[in-house]
Amino acid sequence: MKITSTILSILAAASLVSAGKFHQVKHGKTNIVPNAYIIEYHEGVSHADAHNGLKTHAVDYKVRNEYKIFNGASITVNSEHDGHALASVPGVKNVWHVSIYDMPKTQKVTAKKTDPLAISDHHMTGVDVLHEKYKLTGKGVKVGVIDTGIDYNHPAFAAKGATKGCFARNGKNCRIAHGWDFVGDAYNGGNTPKPDGDPMDCAGHGSHVAGIIGGNALDIKVNPKPPQPFVGVAPEVTYGAYRIFGCTGGSGEDVILAAMELAFNDGMDIINMSLGGGSAYKDNPTAALAETLISKGMALSGAAGNDGANGVWMVSDTGLGDHATSVASFDNMYDYYNYITYGGVKMPFSVSEAYAKPITLPNTLPIVPLLDAKGSLLDGCDPAQYTAVGSLKNKIVVALGDVTNCKSGGRGANAQNAGATGMIVVSDDAGIDSLGGVAGLPMASISNADGMTMLATYAKNKKNAVSWSKDQGPFIIDNSGAPSDFSSFGLDGDLRSKPDIGAPGGNILSTYPLALGGYTLMSGTSMATPYITGSHALYMQAKHAKPHGDVIRQALKNTATISKNYKSKTFTSAAKQGAGLVNVLNAVLAEASITPDHIDLLDSVNFHKTVQITLKNTGKHTETFTLKNVPADGLISYQGNNTWPLANPVIEATSASVTFSQEKVKIPGGKSAKITLHFKEPKTNTLFPMYSGFVVATPKTKGAVAVHVPYTGVKGDIRKVPIMDTDHGFPQAALANATSIIDDAPANPYTYDLVKNFPAFISRFGSHTPNAEVRVLDSKDKLVGYISFGESGRQPLADENGNPVLNEYIWNGQVQTTQNATAPAITVPAGTYTVVFAQQHKFSKGEYPKDFEIFKMKPVTIA
């Protein structure tokens, strides 16, 4: 790598500021655009000055996107400069890789004729009352949908009196009045975008999201008609459709930034971002730009993520800004499913994504459960389990959906190889799990309760056959009205309270592209996020104003419904539900507020023992409020030396105690009172318990809306939380050729020639780290330089297909002699070297080695 020492005089002032920072990929994703970077300039540095600086430092690059509100650009680098080198250029403030965001994964079920009374998500949130009694529709509010586009021809997006929707350029009376396609149909995140002016949706996700925000199919007279009465949260909003995905694949983060800026310039009041890049810190580009836009008056709703099966620290990055809204999901009261009938009992099921069509097996096939010696259901991850039950021809095999050893793809392949005609997977927790599955094998997922009923029936009569429905029906199933199992747990990497709030996101009916059927059911925080966006619009209309997004977030959080897990007597952790399930009616009617809208107690070392809140009476008359502490579930995620958080945190009665400077306070109309809260940590000997609760202020006036604020904390020294996943043998050495790993267990010692074979390293993080270093030492343990490894975020155990999520790095023998890469990279001479992985502990000063978790690899010999 070559960096010249010449600096243009025009950048002399910029050179006086501190050196820029290269941010490692902190959100647990390894999917990035090669040699592509997002660069933010220091305040006062113009784009022309910055580009001159890059050229002066011999950076050969091509501009991908230029930004104005976000003072920077995205570039593709053709020279050997990496992120560290770019950060060393005067005028550059921050540098990030261009990460690729996957098109959001959701569970989809094809909807058919069902009970029209079973539409329940608006009953859960008070939106039905705001529609019927207060006639609130979101009229006059502009909402930008940054997604796969919108099928603007859909009749549910038609203006009043029209039978067909339209885009602004096709007519003046169009609800979708703004928009742009940034990418084109063929874009997949890794190829070149081909933008045009038509944001038509060919994937479906964006149309579904838009329908939840403000679709209206209550009076549709044309086909396709909805399977039940359907209306979005704010059915008269005006849309901006900003398409960032092609028909398949992902989208570059630089494209997302461009869409956010255009949405602002088009006058959108709210941006909906039902997408995310995995667990992160708030210093990612989208969160940074979101904060700027919110400070200028916008609101932003971001999905909290669907990584609930991966334990704590997994809330997604889009809504991590201090004033953005990170949205968790709650399951709808009613779910619409095809169903099987076994022993006379109807049991709803979800078909696997890989099979992706109705299951039409004969109604004469018996089941064969995989049972251990005690009669407990096995997980189907071991092929021997199938051999033990004999022939599976013309039989439906039944297994437990525990993901500890494998996922649905693994057990499905085993069932298929064993000759099973079909497979039923019993969910190992509340609700009905979504399945990836395998192509060609009919796979159905049923609830745990129904699975136990099935086994009990089987024990009485093993000849019972399974019959498969041809239509769907409404079912009240496990977890109805409770936080969705798939919804991600917080907290974020800085122990901040995220997610912020929850909304209906499990089994939600909405619009879909006309070419794909017109309507469907989907589940995900992608569905909960537009519900909050629509709630923002109703609140704006009700208040006849357009307050900043953080003001609306406070109103929605203060008045949300604090909820419990399914069949639980205790309240769900705020790290799962945020402030609770949104209640828009309460938000509109409330005559009180609490600031701040969340309390971060941090850990024992940095514990915020004393916190002050402001309780305001926004009504006209004097009100007396009573304050109390409402504890929530404690979450235990670490046991003994376990360095990987438990996939399902153990719930424990671990709660803080709170005393108030005054438990009752009388406040005149329009006035505020400051109340001091004194917190005491829980008494528990468990390891790093995450505790939370809610401080509730209840007005004396009968029927008046109470307000509350959630608090969260972790007991223990967060600096001692393990980071590297040593439970699964990481970090690990491997053998690679120039492009890929070919052996994850090479003989030791092994000599690498750096021509045909290269040393490679594999790691995985079970927790965030502010800084991940990879150092190279010579045979005398003297520092030679640094390898830019790139990852430092909390990672899931496996992806949707059950494949492990890993950081893989092929070392070409080059090191940077300084951490900030102000000197050229060098190739190490022949010899023996030790590679050292070092992860900085949270909340530490970053002094090496005392503030780092350190792992030395076995020596590597370079020929």
# chains A, B, ... in the order shown; residues from 1 in each chain; ligands from 1
>>> closest_atom_pairs(of="segment 556-646 of chain A", to="segment 421-442 of chain A", cutoff="10 Å", atoms="only C-alpha atoms", output="JSON lines")
{"residue": "A:Asn565", "atom": "CA", "partner": "A:Ala430", "partner_atom": "CA", "distance": 9.4}
{"residue": "A:Tyr566", "atom": "CA", "partner": "A:Ala430", "partner_atom": "CA", "distance": 7.6}
{"residue": "A:Lys567", "atom": "CA", "partner": "A:Ala430", "partner_atom": "CA", "distance": 9.8}
>>> write_last_selection(atoms="C-alpha atoms", output="compact mmCIF listing (two decimals), in the first residue's frame")
# COMPACT_ATOMS: atom_id res chain seq x y z
CA ASN A 565 -44.96 -13.69 28.17
CA TYR A 566 -47.58 -16.24 27.21
CA LYS A 567 -49.18 -17.76 30.33
>>> select_by_dssp(residues="segment 289-437 of chain A", states="strand (DSSP E or B)", output="count of residues only")
45
>>> closest_residue(among="A:Ser99, A:Gln639, A:Gln472, A:Thr686", to="Asp317 of chain A", atoms="only C-alpha atoms")
A:Ser99
>>> closest_residue(among="A:Ile39, A:Met273, A:Ala545, A:Ala420", to="Val98 of chain A", atoms="only C-alpha atoms")
A:Ile39
>>> closest_atom_pairs(of="segment 713-786 of chain A", to="segment 651-661 of chain A", cutoff="12 Å", atoms="only C-alpha atoms", output="CSV")
residue,atom,partner,partner_atom,distance
A:Gly713,CA,A:Ala656,CA,8.9
A:Val714,CA,A:Ala656,CA,10.3
A:Lys715,CA,A:Ala656,CA,9.7
>>> write_last_selection(atoms="N, CA and C atoms", output="PDB file, in the first residue's frame")
ATOM      1  N   GLY A 713     -30.588  -2.892  33.280  1.00  0.00           N
ATOM      2  CA  GLY A 713     -29.233  -2.930  33.810  1.00  0.00           C
ATOM      3  C   GLY A 713     -28.685  -4.343  33.800  1.00  0.00           C
ATOM      4  N   VAL A 714     -27.393  -4.458  34.027  1.00  0.00           N
ATOM      5  CA  VAL A 714     -26.722  -5.757  34.122  1.00  0.00           C
ATOM      6  C   VAL A 714     -25.931  -5.760  35.426  1.00  0.00           C
ATOM      7  N   LYS A 715     -26.152  -6.764  36.271  1.00  0.00           N
ATOM      8  CA  LYS A 715     -25.374  -6.854  37.497  1.00  0.00           C
ATOM      9  C   LYS A 715     -24.052  -7.554  37.210  1.00  0.00           C
TER      10      LYS A 715
END
>>> closest_residue(among="A:Val835, A:Ala697, A:Ala177, A:Leu538", to="His131 of chain A", atoms="only C-alpha atoms")
A:Leu538
>>> closest_residue(among="A:Asp500, A:Asp550, A:Asp128, A:Asp727", to="Thr712 of chain A", atoms="only C-alpha atoms")
A:Asp500
>>> closest_atom_pairs(of="segment 285-383 of chain A", to="segment 793-817 of chain A", cutoff="12 Å", atoms="only C-alpha atoms", output="Markdown table")
| residue | atom | partner | partner_atom | distance |
| --- | --- | --- | --- | --- |
| A:Gly305 | CA | A:Pro796 | CA | 11.6 |
| A:Asn306 | CA | A:Glu800 | CA | 10.4 |
| A:Asp307 | CA | A:Pro796 | CA | 7.4 |
| A:Gly308 | CA | A:Pro796 | CA | 9.7 |
| A:Ala309 | CA | A:Pro796 | CA | 8.6 |
| A:Asn310 | CA | A:Pro796 | CA | 5.6 |
| A:Gly311 | CA | A:Pro796 | CA | 8.5 |
| A:Val312 | CA | A:Arg794 | CA | 9.2 |
| A:Trp313 | CA | A:Arg794 | CA | 6.8 |
| A:Met314 | CA | A:Arg794 | CA | 6.8 |
| A:Val315 | CA | A:Arg794 | CA | 9.7 |
| A:Ser316 | CA | A:Arg794 | CA | 10.3 |
| A:Asp317 | CA | A:Gly793 | CA | 10.6 |
| A:Ser352 | CA | A:Asn801 | CA | 11.6 |
| A:Glu353 | CA | A:Asn801 | CA | 10.4 |
| A:Ala354 | CA | A:Asn801 | CA | 10.2 |
| A:Cys381 | CA | A:Gly802 | CA | 11.6 |
>>> write_last_selection(atoms="N, CA and C atoms", output="compact mmCIF listing (two decimals), in the first residue's frame")
# COMPACT_ATOMS: atom_id res chain seq x y z
N GLY A 305 -35.12 -6.71 14.76
CA GLY A 305 -34.50 -7.94 14.29
C GLY A 305 -35.23 -9.18 14.73
N ASN A 306 -34.98 -10.28 14.02
CA ASN A 306 -35.68 -11.54 14.24
C ASN A 306 -34.74 -12.62 14.78
N ASP A 307 -33.82 -12.22 15.66
CA ASP A 307 -32.83 -13.15 16.20
C ASP A 307 -33.13 -13.57 17.63
N GLY A 308 -34.42 -13.69 17.96
CA GLY A 308 -34.81 -14.08 19.31
C GLY A 308 -34.28 -15.44 19.73
N ALA A 309 -33.98 -16.31 18.76
CA ALA A 309 -33.47 -17.65 19.09
C ALA A 309 -31.97 -17.64 19.36
N ASN A 310 -31.35 -16.46 19.35
CA ASN A 310 -29.91 -16.37 19.55
C ASN A 310 -29.53 -15.65 20.84
N GLY A 311 -30.49 -15.45 21.75
CA GLY A 311 -30.17 -14.90 23.05
C GLY A 311 -29.97 -13.39 23.06
N VAL A 312 -29.33 -12.91 24.13
CA VAL A 312 -29.21 -11.47 24.36
C VAL A 312 -28.17 -10.81 23.45
N TRP A 313 -28.18 -9.48 23.47
CA TRP A 313 -27.26 -8.62 22.71
C TRP A 313 -27.52 -8.65 21.21
N MET A 314 -28.70 -9.05 20.74
CA MET A 314 -28.90 -9.26 19.30
C MET A 314 -29.80 -8.23 18.63
N VAL A 315 -30.16 -7.15 19.30
CA VAL A 315 -31.02 -6.16 18.67
C VAL A 315 -30.31 -5.54 17.47
N SER A 316 -31.05 -5.34 16.38
CA SER A 316 -30.47 -4.96 15.10
C SER A 316 -30.07 -3.49 15.06
N ASP A 317 -29.27 -3.12 14.06
CA ASP A 317 -28.58 -1.83 14.07
C ASP A 317 -29.39 -0.64 13.60
N SER A 352 -42.82 -25.46 5.45
CA SER A 352 -41.44 -25.01 5.33
C SER A 352 -41.25 -24.11 4.12
N GLU A 353 -40.28 -23.21 4.23
CA GLU A 353 -40.00 -22.27 3.16
C GLU A 353 -39.50 -22.98 1.91
N ALA A 354 -38.72 -24.03 2.08
CA ALA A 354 -38.16 -24.74 0.92
C ALA A 354 -39.24 -25.49 0.14
N CYS A 381 -31.63 -34.87 14.64
CA CYS A 381 -30.35 -34.41 14.10
C CYS A 381 -29.37 -35.54 13.85
>>> residues_around(residues="Lys498 of chain A", least_positions_apart="3", cutoff="12 Å", atoms="only C-alpha atoms", output="count of residues only")
54
>>> residues_around(residues="segment 197-207 of chain A", least_positions_apart="3", cutoff="6 Å", atoms="only C-alpha atoms", output="list in words")
Asp147, Thr148, Gly149, Ile150, Asp151, Trp180, Asp181, Ala210, Arg243, Cys247, Thr511, Tyr512 and Pro513 of chain A
